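What follows is the content of target00.tsv (TSV, C-alpha atoms (C1' of nucleotides)).
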```
chain	number	residue	atom	x	y	z
A	420	MET	CA	-10.42	6.94	23.37
A	421	ASP	CA	-7.39	4.81	22.74
A	422	PRO	CA	-6.03	5.15	19.16
A	423	PHE	CA	-5.10	1.45	19.23
A	424	VAL	CA	-8.69	0.53	20.03
A	425	ALA	CA	-9.89	2.92	17.33
A	426	LEU	CA	-7.70	1.21	14.74
A	427	ALA	CA	-8.69	-2.30	15.81
A	428	ASP	CA	-11.88	-2.18	13.79
A	429	PRO	CA	-11.43	-2.82	10.05
A	430	VAL	CA	-14.12	-0.33	9.15
A	431	ARG	CA	-12.41	2.43	11.11
A	432	ARG	CA	-9.06	1.54	9.55
A	433	ASP	CA	-10.64	1.81	6.13
A	434	LEU	CA	-12.06	5.20	7.06
A	435	VAL	CA	-8.70	6.43	8.24
A	436	VAL	CA	-6.97	5.24	5.08
A	437	ARG	CA	-9.69	6.81	2.95
A	438	LEU	CA	-9.36	10.13	4.76
A	439	ALA	CA	-5.61	10.06	4.22
A	440	GLY	CA	-6.50	10.69	0.60
A	441	GLY	CA	-8.49	13.82	1.44
A	442	PRO	CA	-11.43	15.03	3.51
A	443	ALA	CA	-14.89	13.50	3.12
A	444	ARG	CA	-18.42	13.73	4.50
A	445	VAL	CA	-20.40	11.01	6.24
A	446	VAL	CA	-22.60	10.54	3.18
A	447	ASP	CA	-19.49	10.12	0.98
A	448	LEU	CA	-17.97	7.55	3.31
A	449	ALA	CA	-21.29	5.74	3.76
A	450	ALA	CA	-21.57	5.36	0.00
A	451	GLU	CA	-18.26	3.50	-0.02
A	452	HIS	CA	-19.13	1.06	2.78
A	453	PRO	CA	-21.80	-1.64	3.05
A	454	ILE	CA	-22.92	-0.52	6.52
A	455	SER	CA	-25.50	2.13	7.40
A	456	ARG	CA	-24.80	5.84	7.63
A	457	PRO	CA	-25.41	6.00	11.42
A	458	ALA	CA	-22.84	3.22	11.80
A	459	ILE	CA	-20.31	5.28	9.84
A	460	SER	CA	-21.23	8.29	11.94
A	461	ARG	CA	-20.54	6.34	15.13
A	462	HIS	CA	-17.18	5.11	13.83
A	463	LEU	CA	-16.17	8.66	12.94
A	464	ARG	CA	-17.11	9.83	16.41
A	465	LEU	CA	-14.86	7.15	17.91
A	466	LEU	CA	-12.02	8.12	15.57
A	467	ALA	CA	-12.43	11.75	16.60
A	468	GLU	CA	-12.40	10.76	20.28
A	469	ALA	CA	-9.17	8.92	19.63
A	470	GLY	CA	-7.68	12.00	18.03
A	471	LEU	CA	-7.30	10.38	14.64
A	472	VAL	CA	-9.72	12.59	12.70
A	473	THR	CA	-11.01	16.14	12.86
A	474	ALA	CA	-14.39	17.45	11.78
A	475	ASP	CA	-14.97	20.79	10.01
A	476	ASP	CA	-18.59	21.94	9.92
A	477	LEU	CA	-19.50	23.72	6.65
A	478	GLY	CA	-23.20	24.52	6.83
A	479	ARG	CA	-25.08	21.25	7.02
A	480	GLU	CA	-22.01	19.35	5.90
A	481	ARG	CA	-19.38	18.02	8.25
A	482	HIS	CA	-16.06	17.36	6.52
A	483	TYR	CA	-13.87	14.84	8.25
A	484	ARG	CA	-10.14	14.72	7.73
A	485	LEU	CA	-7.22	12.70	9.00
A	486	GLU	CA	-5.32	14.02	12.00
A	487	ARG	CA	-1.90	12.41	11.58
A	488	ALA	CA	-0.70	13.66	14.95
A	489	GLY	CA	-3.15	11.21	16.48
A	490	LEU	CA	-0.99	8.39	15.18
A	491	GLN	CA	1.86	9.41	17.46
A	492	PRO	CA	1.11	6.79	20.16
A	493	VAL	CA	1.16	4.07	17.52
A	494	ALA	CA	4.45	5.31	16.08
A	495	ASP	CA	5.83	5.57	19.62
A	496	LEU	CA	4.97	1.95	20.33
A	497	LEU	CA	6.73	0.78	17.19
A	498	VAL	CA	9.77	2.80	18.21
A	499	ALA	CA	9.69	1.40	21.74
A	500	LEU	CA	9.48	-2.15	20.45
A	501	ARG	CA	12.14	-1.56	17.85
A	502	GLU	CA	14.68	0.09	20.13
A	503	THR	CA	14.42	-2.13	23.18
A	504	PRO	CA	17.44	-4.37	23.76
A	505	VAL	CA	17.62	-7.18	21.30
A	506	PRO	CA	19.82	-10.20	22.01
A	507	PRO	CA	22.95	-10.35	19.84
A	508	ILE	CA	21.69	-13.64	18.42
A	509	ALA	CA	19.89	-13.54	15.07
A	510	ASP	CA	16.67	-11.66	15.31
A	511	ALA	CA	14.03	-11.68	12.60
A	512	ASP	CA	12.60	-8.27	13.07
A	513	PHE	CA	11.65	-6.30	10.02
A	514	ASP	CA	13.40	-8.48	7.50
A	515	GLY	CA	13.94	-6.31	4.47
A	516	LEU	CA	12.65	-3.33	6.40
A	517	ASP	CA	14.43	-1.02	8.74
A	518	LEU	CA	12.20	1.32	10.67
A	519	GLU	CA	13.89	4.50	11.60
A	520	VAL	CA	12.57	7.52	13.39
A	521	ARG	CA	14.48	10.78	13.61
A	522	ARG	CA	13.37	12.89	16.53
A	523	THR	CA	13.88	16.57	15.86
A	524	GLY	CA	15.97	18.19	18.55
A	525	ARG	CA	16.72	14.95	20.32
A	526	ASP	CA	19.88	12.91	20.39
A	527	ARG	CA	19.58	9.90	18.23
A	528	ARG	CA	20.60	6.43	19.12
A	529	SER	CA	23.05	4.69	16.87
A	530	SER	CA	21.68	4.95	13.35
A	531	ALA	CA	19.74	2.16	11.71
A	532	SER	CA	22.59	1.53	9.30
A	533	SER	CA	24.72	0.36	12.18
A	534	HIS	CA	22.05	-2.00	13.39
A	535	PRO	CA	22.22	-5.41	11.72
A	536	SER	CA	19.06	-7.16	10.58
A	537	PRO	CA	19.95	-10.86	10.34
A	538	SER	CA	17.53	-13.31	8.77
A	539	ALA	CA	14.84	-14.95	10.87
A	540	ALA	CA	16.04	-17.59	13.30
A	541	GLN	CA	12.58	-18.96	13.80
A	542	GLU	CA	9.23	-18.24	12.27
A	543	ASP	CA	6.00	-18.59	14.22
A	544	THR	CA	2.89	-19.83	12.43
A	545	ALA	CA	-0.16	-19.75	14.67
B	1358	MET	CA	-5.81	-12.75	14.22
B	1359	ASP	CA	-5.45	-9.12	13.30
B	1360	PRO	CA	-2.34	-7.49	14.89
B	1361	PHE	CA	-4.33	-4.26	15.30
B	1362	VAL	CA	-6.99	-6.10	17.29
B	1363	ALA	CA	-4.26	-7.81	19.29
B	1364	LEU	CA	-2.73	-4.46	20.23
B	1365	ALA	CA	-6.07	-2.86	21.08
B	1366	ASP	CA	-6.08	-4.41	24.54
B	1367	PRO	CA	-3.89	-2.62	27.10
B	1368	VAL	CA	-2.89	-5.88	28.77
B	1369	ARG	CA	-1.67	-7.31	25.48
B	1370	ARG	CA	0.22	-4.11	24.71
B	1371	ASP	CA	1.89	-4.35	28.10
B	1372	LEU	CA	2.84	-7.94	27.37
B	1373	VAL	CA	4.32	-7.04	24.02
B	1374	VAL	CA	6.34	-4.18	25.52
B	1375	ARG	CA	7.52	-6.45	28.32
B	1376	LEU	CA	8.61	-9.13	25.87
B	1377	ALA	CA	10.53	-6.55	23.88
B	1378	GLY	CA	12.87	-6.56	26.86
B	1379	GLY	CA	13.44	-10.32	26.63
B	1380	PRO	CA	11.59	-13.63	26.70
B	1381	ALA	CA	9.39	-14.63	29.60
B	1382	ARG	CA	7.12	-17.43	30.83
B	1383	VAL	CA	3.41	-17.21	31.63
B	1384	VAL	CA	4.12	-17.42	35.33
B	1385	ASP	CA	6.60	-14.53	35.06
B	1386	LEU	CA	4.16	-12.35	33.16
B	1387	ALA	CA	1.28	-13.28	35.46
B	1388	ALA	CA	3.34	-12.14	38.44
B	1389	GLU	CA	3.62	-8.69	36.87
B	1390	HIS	CA	-0.11	-8.25	36.12
B	1391	PRO	CA	-3.15	-8.09	38.37
B	1392	ILE	CA	-5.15	-10.56	36.32
B	1393	SER	CA	-5.17	-14.35	36.59
B	1394	ARG	CA	-2.66	-16.66	34.93
B	1395	PRO	CA	-5.27	-18.21	32.56
B	1396	ALA	CA	-6.16	-14.69	31.44
B	1397	ILE	CA	-2.48	-14.02	30.64
B	1398	SER	CA	-2.34	-17.37	28.85
B	1399	ARG	CA	-5.31	-16.42	26.70
B	1400	HIS	CA	-3.81	-13.04	25.83
B	1401	LEU	CA	-0.54	-14.69	24.82
B	1402	ARG	CA	-2.43	-17.10	22.60
B	1403	LEU	CA	-4.11	-14.18	20.85
B	1404	LEU	CA	-0.77	-12.42	20.44
B	1405	ALA	CA	0.69	-15.57	18.92
B	1406	GLU	CA	-2.28	-15.88	16.55
B	1407	ALA	CA	-1.62	-12.31	15.49
B	1408	GLY	CA	2.01	-13.16	14.80
B	1409	LEU	CA	3.31	-10.77	17.45
B	1410	VAL	CA	4.89	-13.37	19.74
B	1411	THR	CA	6.49	-16.79	19.44
B	1412	ALA	CA	6.53	-19.58	21.98
B	1413	ASP	CA	9.53	-21.86	22.66
B	1414	ASP	CA	8.73	-24.97	24.71
B	1415	LEU	CA	11.57	-25.92	27.11
B	1416	GLY	CA	10.36	-28.89	29.13
B	1417	ARG	CA	7.32	-27.80	31.10
B	1418	GLU	CA	8.16	-24.17	30.49
B	1419	ARG	CA	6.97	-22.18	27.50
B	1420	HIS	CA	9.11	-19.12	26.84
B	1421	TYR	CA	7.35	-16.38	24.91
B	1422	ARG	CA	9.26	-13.79	22.94
B	1423	LEU	CA	8.43	-10.82	20.75
B	1424	GLU	CA	8.16	-11.38	17.02
B	1425	ARG	CA	8.91	-7.95	15.58
B	1426	ALA	CA	8.06	-9.05	12.07
B	1427	GLY	CA	4.47	-9.27	13.25
B	1428	LEU	CA	4.45	-5.50	13.58
B	1429	GLN	CA	4.85	-5.08	9.85
B	1430	PRO	CA	1.17	-4.43	9.16
B	1431	VAL	CA	1.15	-1.68	11.77
B	1432	ALA	CA	4.28	-0.09	10.34
B	1433	ASP	CA	2.79	-0.40	6.86
B	1434	LEU	CA	-0.34	1.44	7.93
B	1435	LEU	CA	1.68	4.30	9.38
B	1436	VAL	CA	3.64	4.49	6.14
B	1437	ALA	CA	0.47	4.45	4.06
B	1438	LEU	CA	-1.08	7.22	6.11
B	1439	ARG	CA	2.14	9.23	6.10
B	1440	GLU	CA	2.79	8.98	2.38
B	1441	THR	CA	-0.66	9.59	1.01
B	1442	PRO	CA	-1.13	12.96	-0.69
B	1443	VAL	CA	-1.10	15.80	1.79
B	1444	PRO	CA	-2.48	19.18	0.76
B	1445	PRO	CA	0.21	21.82	0.25
B	1446	ILE	CA	-1.37	23.80	3.07
B	1447	ALA	CA	0.17	23.47	6.53
B	1448	ASP	CA	-0.28	19.99	7.88
B	1449	ALA	CA	0.24	19.05	11.52
B	1450	ASP	CA	1.37	15.51	11.10
B	1451	PHE	CA	4.18	14.29	13.29
B	1452	ASP	CA	5.29	17.64	14.52
B	1453	GLY	CA	8.85	17.16	15.69
B	1454	LEU	CA	8.84	13.65	14.30
B	1455	ASP	CA	9.52	12.42	10.82
B	1456	LEU	CA	8.77	8.79	10.24
B	1457	GLU	CA	10.81	7.29	7.48
B	1458	VAL	CA	10.96	3.75	6.26
B	1459	ARG	CA	13.62	2.49	3.86
B	1460	ARG	CA	12.52	-0.60	2.01
B	1461	THR	CA	15.45	-2.78	1.04
B	1462	GLY	CA	15.61	-3.39	-2.66
B	1463	ARG	CA	12.71	-1.11	-3.45
B	1464	ASP	CA	12.71	2.31	-5.04
B	1465	ARG	CA	12.19	4.95	-2.46
B	1466	ARG	CA	9.88	7.89	-2.71
B	1467	SER	CA	11.36	11.32	-2.24
B	1468	SER	CA	13.22	11.25	1.07
B	1469	ALA	CA	11.71	12.57	4.25
B	1470	SER	CA	14.16	15.45	4.24
B	1471	SER	CA	12.45	16.85	1.19
B	1472	HIS	CA	9.07	16.63	2.82
B	1473	PRO	CA	8.16	19.71	4.87
B	1474	SER	CA	6.44	19.38	8.22
B	1475	PRO	CA	4.75	22.71	8.87
B	1476	SER	CA	3.13	23.49	12.21
B	1477	ALA	CA	-0.42	22.45	12.96
B	1478	ALA	CA	-3.18	24.28	11.14
B	1479	GLN	CA	-5.86	22.98	13.45
B	1480	GLU	CA	-5.87	20.77	16.50
B	1481	ASP	CA	-8.78	18.44	17.28
B	1482	THR	CA	-9.85	17.95	20.88
B	1483	ALA	CA	-12.58	15.34	21.21
C	1152	DC	C1'	6.72	-42.64	43.25
C	1153	DC	C1'	4.78	-38.51	45.07
C	1154	DT	C1'	4.69	-33.67	45.20
C	1155	DA	C1'	5.38	-29.38	43.01
C	1156	DT	C1'	5.45	-26.46	39.12
C	1157	DT	C1'	4.03	-24.88	34.64
C	1158	DG	C1'	0.44	-23.98	31.61
C	1159	DG	C1'	-3.67	-24.72	28.48
C	1160	DT	C1'	-8.68	-24.81	28.09
C	1161	DA	C1'	-13.81	-25.40	29.37
C	1162	DA	C1'	-17.57	-23.18	31.25
C	1163	DC	C1'	-19.48	-19.27	33.20
C	1164	DT	C1'	-20.57	-14.32	33.88
C	1165	DG	C1'	-20.75	-9.50	33.14
C	1166	DA	C1'	-19.44	-5.94	30.10
C	1167	DT	C1'	-18.75	-4.02	25.71
C	1168	DC	C1'	-19.17	-3.63	20.78
C	1169	DA	C1'	-21.28	-3.04	16.06
C	1170	DG	C1'	-25.05	-2.73	13.11
C	1171	DT	C1'	-29.87	-1.66	12.55
C	1172	DT	C1'	-34.30	1.28	12.40
C	1173	DA	C1'	-36.57	5.31	13.87
C	1174	DC	C1'	-36.49	9.92	14.94
C	1175	DC	C1'	-34.99	14.50	15.26
C	1176	DT	C1'	-32.40	18.88	14.12
C	1177	DA	C1'	-29.94	22.00	11.05
C	1178	DT	C1'	-29.00	23.78	6.59
C	1179	DC	C1'	-29.77	24.37	1.64
C	1180	DT	C1'	-32.60	24.77	-2.67
C	1181	DG	C1'	-36.52	25.57	-5.68
D	1400	DC	C1'	-42.31	28.09	2.75
D	1401	DA	C1'	-41.97	23.21	1.62
D	1402	DG	C1'	-39.12	19.64	0.26
D	1403	DA	C1'	-34.56	17.77	0.09
D	1404	DT	C1'	-30.13	16.87	2.03
D	1405	DA	C1'	-26.85	16.01	5.75
D	1406	DG	C1'	-25.97	14.01	10.02
D	1407	DG	C1'	-26.25	12.87	15.13
D	1408	DT	C1'	-28.25	9.87	18.66
D	1409	DA	C1'	-31.64	6.67	21.22
D	1410	DA	C1'	-33.07	2.17	21.67
D	1411	DC	C1'	-32.67	-2.41	20.42
D	1412	DT	C1'	-30.44	-6.85	19.23
D	1413	DG	C1'	-26.98	-10.22	18.51
D	1414	DA	C1'	-22.20	-11.08	18.83
D	1415	DT	C1'	-17.88	-10.76	20.97
D	1416	DC	C1'	-14.67	-9.92	24.64
D	1417	DA	C1'	-12.15	-10.37	29.18
D	1418	DG	C1'	-11.70	-12.15	33.61
D	1419	DT	C1'	-12.77	-15.84	36.80
D	1420	DT	C1'	-12.70	-20.74	38.89
D	1421	DA	C1'	-12.08	-25.50	38.15
D	1422	DC	C1'	-9.85	-29.07	36.01
D	1423	DC	C1'	-6.47	-31.61	33.59
D	1424	DA	C1'	-1.91	-32.86	31.44
D	1425	DA	C1'	3.11	-32.58	31.05
D	1426	DT	C1'	7.50	-32.02	33.12
D	1427	DA	C1'	10.80	-31.50	36.97
D	1428	DG	C1'	12.54	-32.41	41.66
D	1429	DG	C1'	12.98	-34.68	46.21
```

Could you take the file, read its structure, and then write that structure out as structure tokens?
Amino acid sequence: MDPFVALADPVRRDLVVRLAGGPARVVDLAAEHPISRPAISRHLRLLAEAGLVTADDLGRERHYRLERAGLQPVADLLVALRETPVPPIADADFDGLDLEVRRTGRDRRSSASSHPSPSAAQEDTA
Amino acid sequence: MDPFVALADPVRRDLVVRLAGGPARVVDLAAEHPISRPAISRHLRLLAEAGLVTADDLGRERHYRLERAGLQPVADLLVALRETPVPPIADADFDGLDLEVRRTGRDRRSSASSHPSPSAAQEDTA
DNA sequence: CCTATTGGTAACTGATCAGTTACCTATCTG
DNA sequence: CAGATAGGTAACTGATCAGTTACCAATAGG
């Protein structure tokens, strides 16, 4: 399953964030959410299919933990959107933030510090 | 609308990637996708609601362009998942990749270079 | 002024999603 | 061994999504 689709649901995002703090069982996670245990179980299955979590069976208990490698496609998209050609005119991307990814063993593009981040030319409010 | 939900659809992701390469009109984008023009129009509206694109009206033409600032919540989630406590045991996150975000004007946590990235302890295949 | 182009939305349809209850299996504890 | 705990899935229901065709409005060009 697509990690983007997996992260589209607020419950699944909560689960992923919670598991970033350490492994947990279905019953633990169900206690922290207003939905039923089978619903949590189904969300965890989708997260596992997306490669975002891993399950370790310990007797009758199944401990779920975050699989950070599963976030790679999401990080890749941010990189792709960040590095694509930007017009020399003022561009409002990541005001106050400069996302930088260093790829081990790969040549890097010009460093973030050489890339200006002018203030927003235009803000969209939908 | 939630930027995560906006990016969950493959068509919308394609549109966002395409717009990263420069602005475009609905008719341009519709020519590059197998779905109908009204479907493209609806996707662009959702992307705008999510803050991921901006529309500039030029006569009868509406030029859509990427709004990188709208990606902030996605970048924030990656940061949150990356920075949360990781057990000292080997952790497989971002093998070969080290995501680092420098927040202007904010104290930084210990730099990425001080954070080890050991090889994967366990790989999940769902 | 008429035609062409651009583009948004209504209404419809089929597909998918998310939560529930019920049920079942596996493992642990007294 | 019986009861308790943990957890997955089937079946169901209501809600939402994504693509279509049809229609309309605004702007540009001949």

TODO: Do me a favour and pick out the residues of chain A within 12 Å of chain C, using all atoms listed in the file, as a ChimeraX atom specification.
DONE: /A:424-425,427-431,453-462,465,476-481

Limited to C-alpha atoms, could you put the picked residues into a file as a PDB file, in the coordinates of the input?
```pdb
ATOM      1  CA  VAL A 424      -8.690   0.530  20.030  1.00  0.00           C
ATOM      2  CA  ALA A 425      -9.890   2.920  17.330  1.00  0.00           C
ATOM      3  CA  ALA A 427      -8.690  -2.300  15.810  1.00  0.00           C
ATOM      4  CA  ASP A 428     -11.880  -2.180  13.790  1.00  0.00           C
ATOM      5  CA  PRO A 429     -11.430  -2.820  10.050  1.00  0.00           C
ATOM      6  CA  VAL A 430     -14.120  -0.330   9.150  1.00  0.00           C
ATOM      7  CA  ARG A 431     -12.410   2.430  11.110  1.00  0.00           C
ATOM      8  CA  PRO A 453     -21.800  -1.640   3.050  1.00  0.00           C
ATOM      9  CA  ILE A 454     -22.920  -0.520   6.520  1.00  0.00           C
ATOM     10  CA  SER A 455     -25.500   2.130   7.400  1.00  0.00           C
ATOM     11  CA  ARG A 456     -24.800   5.840   7.630  1.00  0.00           C
ATOM     12  CA  PRO A 457     -25.410   6.000  11.420  1.00  0.00           C
ATOM     13  CA  ALA A 458     -22.840   3.220  11.800  1.00  0.00           C
ATOM     14  CA  ILE A 459     -20.310   5.280   9.840  1.00  0.00           C
ATOM     15  CA  SER A 460     -21.230   8.290  11.940  1.00  0.00           C
ATOM     16  CA  ARG A 461     -20.540   6.340  15.130  1.00  0.00           C
ATOM     17  CA  HIS A 462     -17.180   5.110  13.830  1.00  0.00           C
ATOM     18  CA  LEU A 465     -14.860   7.150  17.910  1.00  0.00           C
ATOM     19  CA  ASP A 476     -18.590  21.940   9.920  1.00  0.00           C
ATOM     20  CA  LEU A 477     -19.500  23.720   6.650  1.00  0.00           C
ATOM     21  CA  GLY A 478     -23.200  24.520   6.830  1.00  0.00           C
ATOM     22  CA  ARG A 479     -25.080  21.250   7.020  1.00  0.00           C
ATOM     23  CA  GLU A 480     -22.010  19.350   5.900  1.00  0.00           C
ATOM     24  CA  ARG A 481     -19.380  18.020   8.250  1.00  0.00           C
TER      25      ARG A 481
END
```

Task: Selected residue, from B:Arg1439, B:Arg1382, B:Arg1402, B:Arg1425, that lies nearest to chain A when counting only C-alpha atoms - done: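 Ranking B:Arg1439, B:Arg1382, B:Arg1402, B:Arg1425 by distance to chain A, first place goes to B:Arg1425.
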
Open item on the list: Set the cut-off to 10 Å and count all atoms listed in the file: what are the residues of chain D that reach chain B? Output as an NGL selection string.
Closed with: :D and (1417-1419 or 1425-1427)

Open item on the list: Please compute the atom CA of Leu1372 of chain B-atom CA of His1390 of chain B distance, one decimal, in Å.
Closed with: 9.2 Å

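For the pair atom CA of Asp495 of chain A and atom C1' of DC1416 of chain D, the separation is 26.2 Å.
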
Open item on the list: Report, in Å with one decimal, the straight-line distance from atom CA of Ala1377 of chain B to atom CA of Glu486 of chain A.
Closed with: 28.6 Å
